[in-house]
Amino acid sequence: MALHENKLLRHTVKFRPLQVLRTEEISPCMRRVIVGGPALEGFDSPSPDDHVKLFFPNAEGQFVV
C-alpha cells in the first residue's frame, strides 16, 4: 500500500462575476487582486495548487470566452 494516495477531484466549472475589493502592489511587475462577492458562495478550494481563470470584458463590456 502506498504511503500517499492521490485523488483527482473535479468541480463543475461555473462563471462567477466578482467585484475587485482591493489591489496590492507586490512588485513593479506584479499585483495582487483581491476579489469577492455573493457569487463565491459554494466555491471550494481544498488544495493549495488550485487555480482560477480571469476573464475581462472587452471594449463593449462583453466577456469573450
# chains A, B, ... in the order shown; residues from 1 in each chain; ligands from 1

$ residues_around --residues "Phe15 (chain A)" --least-positions-apart "3" --cutoff "10 Å" --atoms "only C-alpha atoms" --output "NGL selection string"
:A and (12 or 18 or 39 or 53-55)

$ write_last_selection --atoms "C-alpha atoms" --output "short mmCIF file (atom, residue, chain, number, x, y, z; two decimals), in the first residue's frame"
data_model
loop_
_atom_site.label_atom_id
_atom_site.label_comp_id
_atom_site.auth_asym_id
_atom_site.auth_seq_id
_atom_site.Cartn_x
_atom_site.Cartn_y
_atom_site.Cartn_z
CA THR A 12 -18.19 21.88 -12.08
CA LEU A 18 -16.95 39.12 -8.90
CA ALA A 39 -21.06 34.58 -6.47
CA LYS A 53 -9.20 31.85 -14.67
CA LEU A 54 -9.90 35.54 -15.03
CA PHE A 55 -11.94 36.93 -17.91
#

$ residues_around --residues "Phe56 (chain A)" --least-positions-apart "4" --cutoff "12 Å" --atoms "only C-alpha atoms" --output "ChimeraX atom specification"
/A:17-20,60-65

$ atom_distance --atom1 "CA of Asp49 (chain A)" --atom2 "CA of Arg31 (chain A)"
19.0 Å

$ closest_residue --among "A:Gly37, A:Thr23, A:Ser47, A:Met30" --to "Arg10 (chain A)" --atoms "only C-alpha atoms"
A:Ser47

$ select_by_dssp --residues "chain A" --states "strand (DSSP E or B)" --output "count of residues only"
16

$ atom_distance --atom1 "CA of Asn6 (chain A)" --atom2 "CA of Asp50 (chain A)"
14.6 Å

$ atom_distance --atom1 "CA of His51 (chain A)" --atom2 "CA of Ser27 (chain A)"
21.0 Å
